[in-house]
Amino acid sequence: MFSFMNQISLLIILLAALVIPLAMARFKITFLPTAVVEIIVGILLGPSLFNWITNSETLEILQNVGVIFLLFLSGMEIDFSLFKKKPTTLSPLEKKSQHDQPKYSVLQVATIAYASIVGMSFVIAYLLQLSGLFTDIWLAAILFMTISLGIVIAGLKEKELLSKPFGQAILLIAALGEVVPMVGLTFYASAYSPHSKSLWLILLILVAAALLFWRFKAFFRFFDRINKSTTQLDIRLSFFIIVALVTVAESVGAEGILGAFLAGIVIKLLEPHEETKVRLDSIGYGFFIPIFFIMSGVNLNLKELITNPQTLVLIPVIFVGYVLAKSLVFSALKLRFKNLNAVAGTAMTATTITVVLAVLQVANHLHRITSQQSGAFLLSAVITCVFGPLIFNKLYSSEAEDLKKTSVHFIGTNLTTVPVAQQLAKGWYDVTMYTNNQHNYRAFNSETTIHLLDSLEPEVMIKNGVFDADVVVFGQINSEKNYELAKIAKQYGVRRVIVRFEDRNILDDRRDELDRLGVELYNTPDVNISMLRALIEAPSTMRLMTSTDSSVYEVALRNRLYADIQVRNIPFIDKVTITQIYRDKRFIRPTGGTSLKLNDRIIFTSSKAEAPEVRRELGKLN
């Protein structure tokens, strides 16, 4: 049973959690992460100022659940594809200008950067010990090498950089900044815990995680058929894995937060639906995690901190330590990116709060740190979260490799392909046409950029860079030739190949093969039949499709900025009309309250002048 004071304290915390994001939106406070504001509000509501919230066993339990859920969701943020070495085979565009390609890959830059962080963290921890301000080298090093992945993701997402090389590099550094300290904390806690057991028992946590992953891997293949709102099997499984791994971790003498972190990784590797992640975020960030952040502020007593001269010295020293630990990241980022962007990325990697809170909680449990020292580390971490994003947003500018248009190459010049090429060239496309027909070359050369080839033999086309494009369209009438060239283009590595097939006999025999290769098909009879049918059944739609002012378009939603946003709240909704959404193999007729989901195929109408920008914004991989 809650006591009355417990209820009042919890009510105040939940009211603060509700008001904080509303106030931040009302006053347009975008330079501070929500977590930092929640900690600051907790400081104000605690004994540091108003003393409206008193700690209790109930709030401590909720706080512990909050940190477990926070580490669980942090584990789910880890994108392990970042750690994979990219294939050595170059894409067509990379082959075209291999000598212009960066000397260092994103993985190499991030690895060098984080290795420098680990080295500098131990150097600074050693200097801190020599000064006598903080003597635990291992704990200090773990704290200095932490990076707040959540804040980094939010900053990169805001700048739409998650899919860009620069964003991938910063994201990978931040991912290492959560994984490595968590591993280090595990061994640290096992070594210093009064209940510690043999370190080899920690391997049992990994074994348990692997068994859970193997046991439930097939679960997400069939649960769609039986899942419903009253069962929520994916959420039940998530909680089971959390509790299972936390229990295993604590039973072998490790900290429960390691089990929670591994549980997040297991769920991530199971590849659940995006809706599962949304619901888990709702549970965590809607209730438990705000309580953890606010209570972290409540437990930080500034009155005690400022009355201790040693602590007053420690706060700026630790802040400088957080910054210096990441200082050599600049040199690593400079190997591939612009100097100012290297500074911006270094500032972003200096932000840390999430794992710091977890580490400090463990250190407090182990009695390895005083409340004043813990407060100094926490306050310094809060300051990094203020200055890091500010500097990043001020200094970052687009890299040259991020500004390239989508390259489209047409093979075949005729009355179908040339007008399409002309219209695309006016938007976000770099269009080039190729032909071996001298008559067509002379007829259309003045209309658009056309290259005359000696022949359409693969060797000639490769030599002339025909396949060095993001999209290759085979628009000749010769279906047999188009079929052969389409296979070669796919072998070469072209991401999208679009082929014209007028001979249905050839198409019917080879459609399955082309589908497996990912080749996209069209032919004039089908297009004409569809157009005539539309003219009879939906004349207004037909007029819209052929209008010179507006038309119908389709785009796959890739940009996470617009995931889970209601249609009515899309910033440019006044420029488009969304008519259909294709999701999970069925069409949805949207209303203003319909939420967009990642990978939705959105069919919309818009003016031809504004459509390219709308498609680019929604389809941008972020």
# chains A, B, ... in the order shown; residues from 1 in each chain; ligands from 1
call {"tool": "residues_around", "arguments": {"residues": "Ile170 of chain A", "least_positions_apart": "5", "cutoff": "10 Å", "atoms": "only C-alpha atoms", "output": "list in words"}}
result
Val106, Val109, Ala110, Ala113, Leu149, Val152, Ile153, Leu156, Leu161, Leu162, Pro165, Ala175, Leu176, Val329, Leu333, Ala342, Gly345, Thr346, Met348 and Thr349 of chain A
call {"tool": "residues_around", "arguments": {"residues": "Val576 of chain A", "least_positions_apart": "4", "cutoff": "10 Å", "atoms": "only C-alpha atoms", "output": "compact mmCIF listing (two decimals) with N, CA and C atoms, in the first residue's frame"}}
result
# COMPACT_ATOMS: atom_id res chain seq x y z
N SER A 550 -0.62 19.12 -61.89
CA SER A 550 -0.52 18.19 -60.78
C SER A 550 -0.64 16.77 -61.28
N VAL A 552 -0.41 12.21 -59.84
CA VAL A 552 -0.41 11.21 -58.77
C VAL A 552 1.01 10.66 -58.61
N TYR A 553 1.45 10.51 -57.36
CA TYR A 553 2.80 10.03 -57.09
C TYR A 553 2.76 8.97 -56.00
N ILE A 570 1.63 16.30 -40.70
CA ILE A 570 2.76 16.38 -41.61
C ILE A 570 2.99 17.86 -41.96
N PHE A 572 4.09 19.50 -44.43
CA PHE A 572 3.74 19.98 -45.77
C PHE A 572 2.42 19.38 -46.25
N ILE A 603 0.52 6.91 -51.55
CA ILE A 603 0.07 7.39 -52.85
C ILE A 603 -0.58 8.75 -52.62
N PHE A 604 -0.06 9.78 -53.28
CA PHE A 604 -0.55 11.12 -53.03
C PHE A 604 -0.63 11.93 -54.32
N THR A 605 -1.41 13.00 -54.27
CA THR A 605 -1.47 13.94 -55.39
C THR A 605 -0.83 15.24 -54.95
N SER A 606 -0.18 15.89 -55.92
CA SER A 606 0.51 17.14 -55.62
C SER A 606 0.82 17.85 -56.93
N SER A 607 1.22 19.09 -56.84
CA SER A 607 1.65 19.79 -58.04
C SER A 607 2.98 19.21 -58.50
N GLU A 610 6.01 20.74 -56.74
CA GLU A 610 6.30 20.44 -55.34
C GLU A 610 6.51 18.96 -55.07
N ALA A 611 6.02 18.10 -55.96
CA ALA A 611 6.09 16.65 -55.72
C ALA A 611 7.51 16.12 -55.53
N VAL A 614 8.58 16.70 -51.97
CA VAL A 614 7.81 15.89 -51.02
C VAL A 614 8.30 14.44 -51.06
call {"tool": "closest_residue", "arguments": {"among": "A:Ser148, A:Ser131, A:Gln566, A:Thr351", "to": "Gly388 of chain A", "atoms": "only C-alpha atoms"}}
result
A:Thr351
call {"tool": "atom_distance", "arguments": {"atom1": "atom CA of Leu561 of chain A", "atom2": "atom CA of Leu18 of chain A"}}
result
22.2 Å
call {"tool": "closest_atom_pairs", "arguments": {"of": "segment 363-479 of chain A", "to": "segment 185-194 of chain A", "cutoff": "9 Å", "atoms": "only C-alpha atoms", "output": "CSV"}}
result
residue,atom,partner,partner_atom,distance
A:Ala363,CA,A:Ala189,CA,7.9
A:His365,CA,A:Ser193,CA,8.8
A:Leu366,CA,A:Ser193,CA,6.0
A:Arg368,CA,A:Tyr192,CA,8.4
call {"tool": "write_last_selection", "arguments": {"atoms": "all heavy atoms", "output": "short mmCIF file (atom, residue, chain, number, x, y, z; two decimals), in the first residue's frame"}}
result
data_model
loop_
_atom_site.label_atom_id
_atom_site.label_comp_id
_atom_site.auth_asym_id
_atom_site.auth_seq_id
_atom_site.Cartn_x
_atom_site.Cartn_y
_atom_site.Cartn_z
N ALA A 363 27.68 2.02 -8.84
CA ALA A 363 28.77 2.42 -7.94
C ALA A 363 28.24 2.77 -6.55
O ALA A 363 28.89 2.48 -5.53
CB ALA A 363 29.53 3.61 -8.54
N HIS A 365 25.52 1.49 -5.18
CA HIS A 365 25.14 0.23 -4.55
C HIS A 365 26.37 -0.49 -3.98
O HIS A 365 26.30 -1.14 -2.94
CB HIS A 365 24.44 -0.69 -5.56
CG HIS A 365 23.06 -0.22 -5.89
ND1 HIS A 365 22.36 -0.68 -6.99
CD2 HIS A 365 22.24 0.68 -5.29
CE1 HIS A 365 21.18 -0.10 -7.03
NE2 HIS A 365 21.09 0.73 -6.01
N LEU A 366 27.49 -0.36 -4.68
CA LEU A 366 28.73 -1.03 -4.26
C LEU A 366 29.51 -0.20 -3.24
O LEU A 366 30.57 -0.64 -2.77
CB LEU A 366 29.62 -1.30 -5.48
CG LEU A 366 29.05 -2.21 -6.57
CD1 LEU A 366 30.02 -2.31 -7.74
CD2 LEU A 366 28.75 -3.60 -6.01
N ARG A 368 31.24 2.42 -3.83
CA ARG A 368 32.55 2.76 -4.40
C ARG A 368 32.69 4.25 -4.69
O ARG A 368 33.70 4.70 -5.22
CB ARG A 368 32.76 1.98 -5.70
CG ARG A 368 32.74 0.48 -5.57
CD ARG A 368 33.94 -0.06 -4.85
NE ARG A 368 35.19 0.31 -5.52
CZ ARG A 368 36.40 0.05 -5.04
NH1 ARG A 368 36.53 -0.55 -3.87
NH2 ARG A 368 37.48 0.40 -5.71
#
call {"tool": "residues_around", "arguments": {"residues": "segment 477-484 of chain A", "least_positions_apart": "6", "cutoff": "10 Å", "atoms": "only C-alpha atoms", "output": "PDB file with N, CA, C and O atoms, in the first residue's frame"}}
result
ATOM      1  N   ILE A 411      18.655   3.780 -71.423  1.00  0.00           N
ATOM      2  CA  ILE A 411      19.203   3.137 -72.614  1.00  0.00           C
ATOM      3  C   ILE A 411      18.066   3.041 -73.610  1.00  0.00           C
ATOM      4  O   ILE A 411      17.081   2.331 -73.392  1.00  0.00           O
ATOM      5  N   GLY A 412      18.198   3.787 -74.674  1.00  0.00           N
ATOM      6  CA  GLY A 412      17.128   3.868 -75.669  1.00  0.00           C
ATOM      7  C   GLY A 412      16.502   5.243 -75.673  1.00  0.00           C
ATOM      8  O   GLY A 412      16.050   5.744 -74.641  1.00  0.00           O
ATOM      9  N   ASN A 414      13.540   7.434 -77.444  1.00  0.00           N
ATOM     10  CA  ASN A 414      12.332   7.371 -78.266  1.00  0.00           C
ATOM     11  C   ASN A 414      11.290   8.322 -77.681  1.00  0.00           C
ATOM     12  O   ASN A 414      11.564   9.038 -76.697  1.00  0.00           O
ATOM     13  N   LEU A 456      25.585  -1.757 -78.213  1.00  0.00           N
ATOM     14  CA  LEU A 456      25.018  -2.021 -76.889  1.00  0.00           C
ATOM     15  C   LEU A 456      25.561  -3.323 -76.308  1.00  0.00           C
ATOM     16  O   LEU A 456      24.909  -3.997 -75.511  1.00  0.00           O
ATOM     17  N   GLU A 457      26.794  -3.653 -76.701  1.00  0.00           N
ATOM     18  CA  GLU A 457      27.454  -4.800 -76.092  1.00  0.00           C
ATOM     19  C   GLU A 457      27.845  -4.456 -74.653  1.00  0.00           C
ATOM     20  O   GLU A 457      28.216  -3.310 -74.361  1.00  0.00           O
ATOM     21  N   PRO A 458      27.756  -5.421 -73.735  1.00  0.00           N
ATOM     22  CA  PRO A 458      28.040  -5.144 -72.324  1.00  0.00           C
ATOM     23  C   PRO A 458      29.392  -4.484 -72.093  1.00  0.00           C
ATOM     24  O   PRO A 458      29.502  -3.570 -71.273  1.00  0.00           O
ATOM     25  N   ILE A 498      14.946  -0.857 -64.345  1.00  0.00           N
ATOM     26  CA  ILE A 498      13.582  -0.801 -64.873  1.00  0.00           C
ATOM     27  C   ILE A 498      13.631  -1.169 -66.351  1.00  0.00           C
ATOM     28  O   ILE A 498      14.432  -0.595 -67.105  1.00  0.00           O
ATOM     29  N   VAL A 499      12.792  -2.117 -66.755  1.00  0.00           N
ATOM     30  CA  VAL A 499      12.906  -2.682 -68.104  1.00  0.00           C
ATOM     31  C   VAL A 499      11.559  -2.630 -68.831  1.00  0.00           C
ATOM     32  O   VAL A 499      10.517  -2.960 -68.258  1.00  0.00           O
ATOM     33  N   ARG A 500      11.627  -2.251 -70.099  1.00  0.00           N
ATOM     34  CA  ARG A 500      10.455  -2.264 -70.976  1.00  0.00           C
ATOM     35  C   ARG A 500      10.358  -3.623 -71.667  1.00  0.00           C
ATOM     36  O   ARG A 500      11.339  -4.105 -72.237  1.00  0.00           O
ATOM     37  N   PHE A 501       9.177  -4.248 -71.606  1.00  0.00           N
ATOM     38  CA  PHE A 501       8.943  -5.535 -72.258  1.00  0.00           C
ATOM     39  C   PHE A 501       7.684  -5.439 -73.111  1.00  0.00           C
ATOM     40  O   PHE A 501       6.574  -5.414 -72.583  1.00  0.00           O
ATOM     41  N   GLU A 502       7.867  -5.400 -74.424  1.00  0.00           N
ATOM     42  CA  GLU A 502       6.710  -5.362 -75.328  1.00  0.00           C
ATOM     43  C   GLU A 502       6.312  -6.764 -75.783  1.00  0.00           C
ATOM     44  O   GLU A 502       5.160  -6.991 -76.157  1.00  0.00           O
ATOM     45  N   ASP A 503       7.253  -7.691 -75.747  1.00  0.00           N
ATOM     46  CA  ASP A 503       6.971  -9.066 -76.172  1.00  0.00           C
ATOM     47  C   ASP A 503       6.518  -9.880 -74.962  1.00  0.00           C
ATOM     48  O   ASP A 503       7.317 -10.277 -74.116  1.00  0.00           O
ATOM     49  N   ARG A 504       5.207 -10.134 -74.861  1.00  0.00           N
ATOM     50  CA  ARG A 504       4.668 -10.836 -73.706  1.00  0.00           C
ATOM     51  C   ARG A 504       5.169 -12.278 -73.607  1.00  0.00           C
ATOM     52  O   ARG A 504       5.236 -12.849 -72.530  1.00  0.00           O
ATOM     53  N   ASN A 505       5.504 -12.912 -74.742  1.00  0.00           N
ATOM     54  CA  ASN A 505       6.007 -14.289 -74.709  1.00  0.00           C
ATOM     55  C   ASN A 505       7.334 -14.358 -73.941  1.00  0.00           C
ATOM     56  O   ASN A 505       7.559 -15.256 -73.133  1.00  0.00           O
ATOM     57  N   ILE A 506       8.209 -13.398 -74.246  1.00  0.00           N
ATOM     58  CA  ILE A 506       9.494 -13.348 -73.539  1.00  0.00           C
ATOM     59  C   ILE A 506       9.269 -13.038 -72.069  1.00  0.00           C
ATOM     60  O   ILE A 506       9.872 -13.652 -71.181  1.00  0.00           O
ATOM     61  N   LEU A 507       8.347 -12.093 -71.806  1.00  0.00           N
ATOM     62  CA  LEU A 507       8.104 -11.673 -70.428  1.00  0.00           C
ATOM     63  C   LEU A 507       7.504 -12.806 -69.598  1.00  0.00           C
ATOM     64  O   LEU A 507       7.945 -13.060 -68.470  1.00  0.00           O
ATOM     65  N   ARG A 510       9.973 -15.383 -68.402  1.00  0.00           N
ATOM     66  CA  ARG A 510      11.107 -14.944 -67.581  1.00  0.00           C
ATOM     67  C   ARG A 510      10.717 -14.020 -66.430  1.00  0.00           C
ATOM     68  O   ARG A 510      11.586 -13.473 -65.751  1.00  0.00           O
ATOM     69  N   LEU A 514      13.160 -12.526 -63.329  1.00  0.00           N
ATOM     70  CA  LEU A 514      13.383 -11.086 -63.185  1.00  0.00           C
ATOM     71  C   LEU A 514      12.892 -10.591 -61.823  1.00  0.00           C
ATOM     72  O   LEU A 514      13.500  -9.693 -61.217  1.00  0.00           O
ATOM     73  N   VAL A 519      14.248  -6.907 -60.715  1.00  0.00           N
ATOM     74  CA  VAL A 519      14.065  -6.047 -61.894  1.00  0.00           C
ATOM     75  C   VAL A 519      12.608  -5.593 -61.959  1.00  0.00           C
ATOM     76  O   VAL A 519      11.678  -6.384 -61.767  1.00  0.00           O
ATOM     77  N   ASN A 523       5.274  -2.356 -69.736  1.00  0.00           N
ATOM     78  CA  ASN A 523       5.113  -2.486 -71.185  1.00  0.00           C
ATOM     79  C   ASN A 523       3.956  -1.624 -71.648  1.00  0.00           C
ATOM     80  O   ASN A 523       3.024  -1.323 -70.886  1.00  0.00           O
ATOM     81  N   THR A 524       4.021  -1.206 -72.890  1.00  0.00           N
ATOM     82  CA  THR A 524       3.068  -0.240 -73.430  1.00  0.00           C
ATOM     83  C   THR A 524       1.631  -0.752 -73.423  1.00  0.00           C
ATOM     84  O   THR A 524       0.725  -0.013 -73.025  1.00  0.00           O
TER      85      THR A 524
END
call {"tool": "select_by_dssp", "arguments": {"residues": "segment 222-434 of chain A", "states": "helix (DSSP H, G or I)", "output": "number ranges by chain"}}
result
A: 222-226, 233-251, 256-269, 274-298, 302-306, 309-325, 329-333, 339-349, 354-365, 371-395, 400-402, 417-424
call {"tool": "closest_residue", "arguments": {"among": "A:Met145, A:Leu59, A:Val246, A:Ile289", "to": "Met5 of chain A", "atoms": "only C-alpha atoms"}}
result
A:Leu59
call {"tool": "residues_around", "arguments": {"residues": "segment 583-598 of chain A", "least_positions_apart": "6", "cutoff": "9 Å", "atoms": "only C-alpha atoms", "output": "list in words"}}
result
Glu274, Glu275, Ala556, Leu557, Arg558, Asn559, Arg560, Tyr562, Ala563, Asp564, Ile565, Gln566, Val567, Arg568 and Asn569 of chain A
call {"tool": "closest_atom_pairs", "arguments": {"of": "segment 265-296 of chain A", "to": "segment 32-50 of chain A", "cutoff": "7 Å", "atoms": "only C-alpha atoms", "output": "JSON lines"}}
result
{"residue": "A:Pro290", "atom": "CA", "partner": "A:Glu38", "partner_atom": "CA", "distance": 6.9}
{"residue": "A:Phe293", "atom": "CA", "partner": "A:Ile39", "partner_atom": "CA", "distance": 5.3}
{"residue": "A:Ile294", "atom": "CA", "partner": "A:Gly42", "partner_atom": "CA", "distance": 4.3}
{"residue": "A:Met295", "atom": "CA", "partner": "A:Gly42", "partner_atom": "CA", "distance": 6.0}
{"residue": "A:Ser296", "atom": "CA", "partner": "A:Ile39", "partner_atom": "CA", "distance": 6.2}
call {"tool": "residues_around", "arguments": {"residues": "Ser74 of chain A", "least_positions_apart": "2", "cutoff": "12 Å", "atoms": "only C-alpha atoms", "output": "number ranges by chain"}}
result
A: 67-72, 76-79, 147-153, 174-179, 182, 257-258, 260-268, 277, 280-281, 284-285, 289, 354-355, 358
call {"tool": "select_by_dssp", "arguments": {"residues": "segment 439-588 of chain A", "states": "strand (DSSP E)", "output": "ChimeraX atom specification"}}
result
/A:450-452,471-474,496-500,520-522,550-556,576-583,586-588
call {"tool": "write_last_selection", "arguments": {"atoms": "N, CA, C and O atoms", "output": "compact mmCIF listing (two decimals), in the first residue's frame"}}
result
# COMPACT_ATOMS: atom_id res chain seq x y z
N ILE A 450 22.46 13.22 -74.34
CA ILE A 450 22.48 11.88 -74.93
C ILE A 450 23.91 11.55 -75.34
O ILE A 450 24.61 12.38 -75.92
N HIS A 451 24.33 10.30 -75.07
CA HIS A 451 25.64 9.82 -75.51
C HIS A 451 25.43 8.75 -76.58
O HIS A 451 24.64 7.82 -76.39
N LEU A 452 26.15 8.89 -77.67
CA LEU A 452 26.07 7.91 -78.76
C LEU A 452 27.11 6.82 -78.52
O LEU A 452 28.31 7.08 -78.41
N VAL A 471 19.83 4.35 -60.87
CA VAL A 471 18.70 3.75 -61.58
C VAL A 471 19.07 3.63 -63.05
O VAL A 471 19.55 4.60 -63.65
N VAL A 472 18.86 2.45 -63.63
CA VAL A 472 19.08 2.25 -65.07
C VAL A 472 17.76 1.81 -65.69
O VAL A 472 17.13 0.85 -65.22
N VAL A 473 17.32 2.51 -66.74
CA VAL A 473 16.06 2.22 -67.42
C VAL A 473 16.36 1.72 -68.84
O VAL A 473 17.01 2.43 -69.62
N PHE A 474 15.92 0.52 -69.15
CA PHE A 474 16.06 -0.02 -70.51
C PHE A 474 14.74 0.21 -71.24
O PHE A 474 13.76 -0.48 -71.01
N ARG A 496 18.62 -0.18 -58.86
CA ARG A 496 17.28 -0.29 -59.45
C ARG A 496 17.42 -0.41 -60.97
O ARG A 496 18.10 0.39 -61.61
N VAL A 497 16.78 -1.44 -61.52
CA VAL A 497 16.78 -1.67 -62.96
C VAL A 497 15.32 -1.74 -63.41
O VAL A 497 14.55 -2.57 -62.92
N ILE A 498 14.95 -0.86 -64.34
CA ILE A 498 13.58 -0.80 -64.87
C ILE A 498 13.63 -1.17 -66.35
O ILE A 498 14.43 -0.59 -67.10
N VAL A 499 12.79 -2.12 -66.75
CA VAL A 499 12.91 -2.68 -68.10
C VAL A 499 11.56 -2.63 -68.83
O VAL A 499 10.52 -2.96 -68.26
N ARG A 500 11.63 -2.25 -70.10
CA ARG A 500 10.46 -2.26 -70.98
C ARG A 500 10.36 -3.62 -71.67
O ARG A 500 11.34 -4.10 -72.24
N GLU A 520 12.40 -4.31 -62.21
CA GLU A 520 11.05 -3.74 -62.31
C GLU A 520 10.64 -3.66 -63.79
O GLU A 520 11.46 -3.30 -64.64
N LEU A 521 9.37 -3.99 -64.09
CA LEU A 521 8.92 -4.18 -65.46
C LEU A 521 7.80 -3.23 -65.84
O LEU A 521 7.01 -2.82 -64.99
N TYR A 522 7.74 -2.90 -67.14
CA TYR A 522 6.58 -2.19 -67.69
C TYR A 522 6.49 -2.49 -69.17
O TYR A 522 7.47 -2.89 -69.81
N SER A 550 -0.62 19.12 -61.89
CA SER A 550 -0.52 18.19 -60.78
C SER A 550 -0.64 16.77 -61.28
O SER A 550 -1.06 16.53 -62.42
N SER A 551 -0.28 15.82 -60.41
CA SER A 551 -0.32 14.42 -60.82
C SER A 551 -0.35 13.53 -59.59
O SER A 551 -0.31 14.00 -58.45
N VAL A 552 -0.41 12.21 -59.84
CA VAL A 552 -0.41 11.21 -58.77
C VAL A 552 1.01 10.66 -58.61
O VAL A 552 1.67 10.34 -59.61
N TYR A 553 1.45 10.51 -57.36
CA TYR A 553 2.80 10.03 -57.09
C TYR A 553 2.76 8.97 -56.00
O TYR A 553 1.80 8.85 -55.24
N GLU A 554 3.85 8.20 -55.93
CA GLU A 554 3.99 7.18 -54.90
C GLU A 554 5.38 7.26 -54.31
O GLU A 554 6.36 7.51 -55.01
N VAL A 555 5.47 7.07 -52.99
CA VAL A 555 6.77 7.08 -52.33
C VAL A 555 6.72 6.13 -51.13
O VAL A 555 5.69 6.01 -50.46
N ALA A 556 7.82 5.42 -50.89
CA ALA A 556 7.95 4.57 -49.71
C ALA A 556 8.50 5.41 -48.56
O ALA A 556 9.52 6.09 -48.73
N VAL A 576 0.03 18.44 -50.32
CA VAL A 576 -0.28 17.12 -50.86
C VAL A 576 -1.65 16.66 -50.38
O VAL A 576 -2.17 17.15 -49.37
N THR A 577 -2.21 15.71 -51.11
CA THR A 577 -3.40 15.00 -50.67
C THR A 577 -3.08 13.51 -50.70
O THR A 577 -2.82 12.95 -51.77
N ILE A 578 -3.05 12.88 -49.52
CA ILE A 578 -2.75 11.45 -49.45
C ILE A 578 -4.04 10.67 -49.69
O ILE A 578 -5.00 10.79 -48.92
N THR A 579 -4.05 9.89 -50.76
CA THR A 579 -5.27 9.18 -51.15
C THR A 579 -5.29 7.73 -50.66
O THR A 579 -6.34 7.21 -50.31
N GLN A 580 -4.13 7.07 -50.66
CA GLN A 580 -4.06 5.67 -50.22
C GLN A 580 -2.71 5.42 -49.54
O GLN A 580 -1.72 6.08 -49.83
N ILE A 581 -2.73 4.46 -48.61
CA ILE A 581 -1.49 3.98 -47.99
C ILE A 581 -1.48 2.46 -48.12
O ILE A 581 -2.45 1.80 -47.73
N TYR A 582 -0.40 1.93 -48.70
CA TYR A 582 -0.27 0.48 -48.85
C TYR A 582 0.62 -0.03 -47.74
O TYR A 582 1.80 0.30 -47.66
N ARG A 583 0.03 -0.83 -46.83
CA ARG A 583 0.75 -1.30 -45.65
C ARG A 583 0.39 -2.75 -45.38
O ARG A 583 -0.80 -3.11 -45.37
N ARG A 586 -1.95 -4.55 -47.83
CA ARG A 586 -3.33 -4.10 -48.02
C ARG A 586 -3.36 -2.58 -48.07
O ARG A 586 -2.48 -1.89 -47.54
N PHE A 587 -4.40 -2.05 -48.74
CA PHE A 587 -4.55 -0.61 -48.88
C PHE A 587 -5.34 -0.06 -47.70
O PHE A 587 -6.30 -0.67 -47.22
N ILE A 588 -4.93 1.11 -47.23
CA ILE A 588 -5.61 1.80 -46.15
C ILE A 588 -6.08 3.15 -46.69
O ILE A 588 -5.31 3.87 -47.33
call {"tool": "residues_around", "arguments": {"residues": "Ala325 of chain A", "least_positions_apart": "5", "cutoff": "6 Å", "atoms": "only C-alpha atoms", "output": "PyMOL selection string"}}
result
chain A and resi 117+120-121
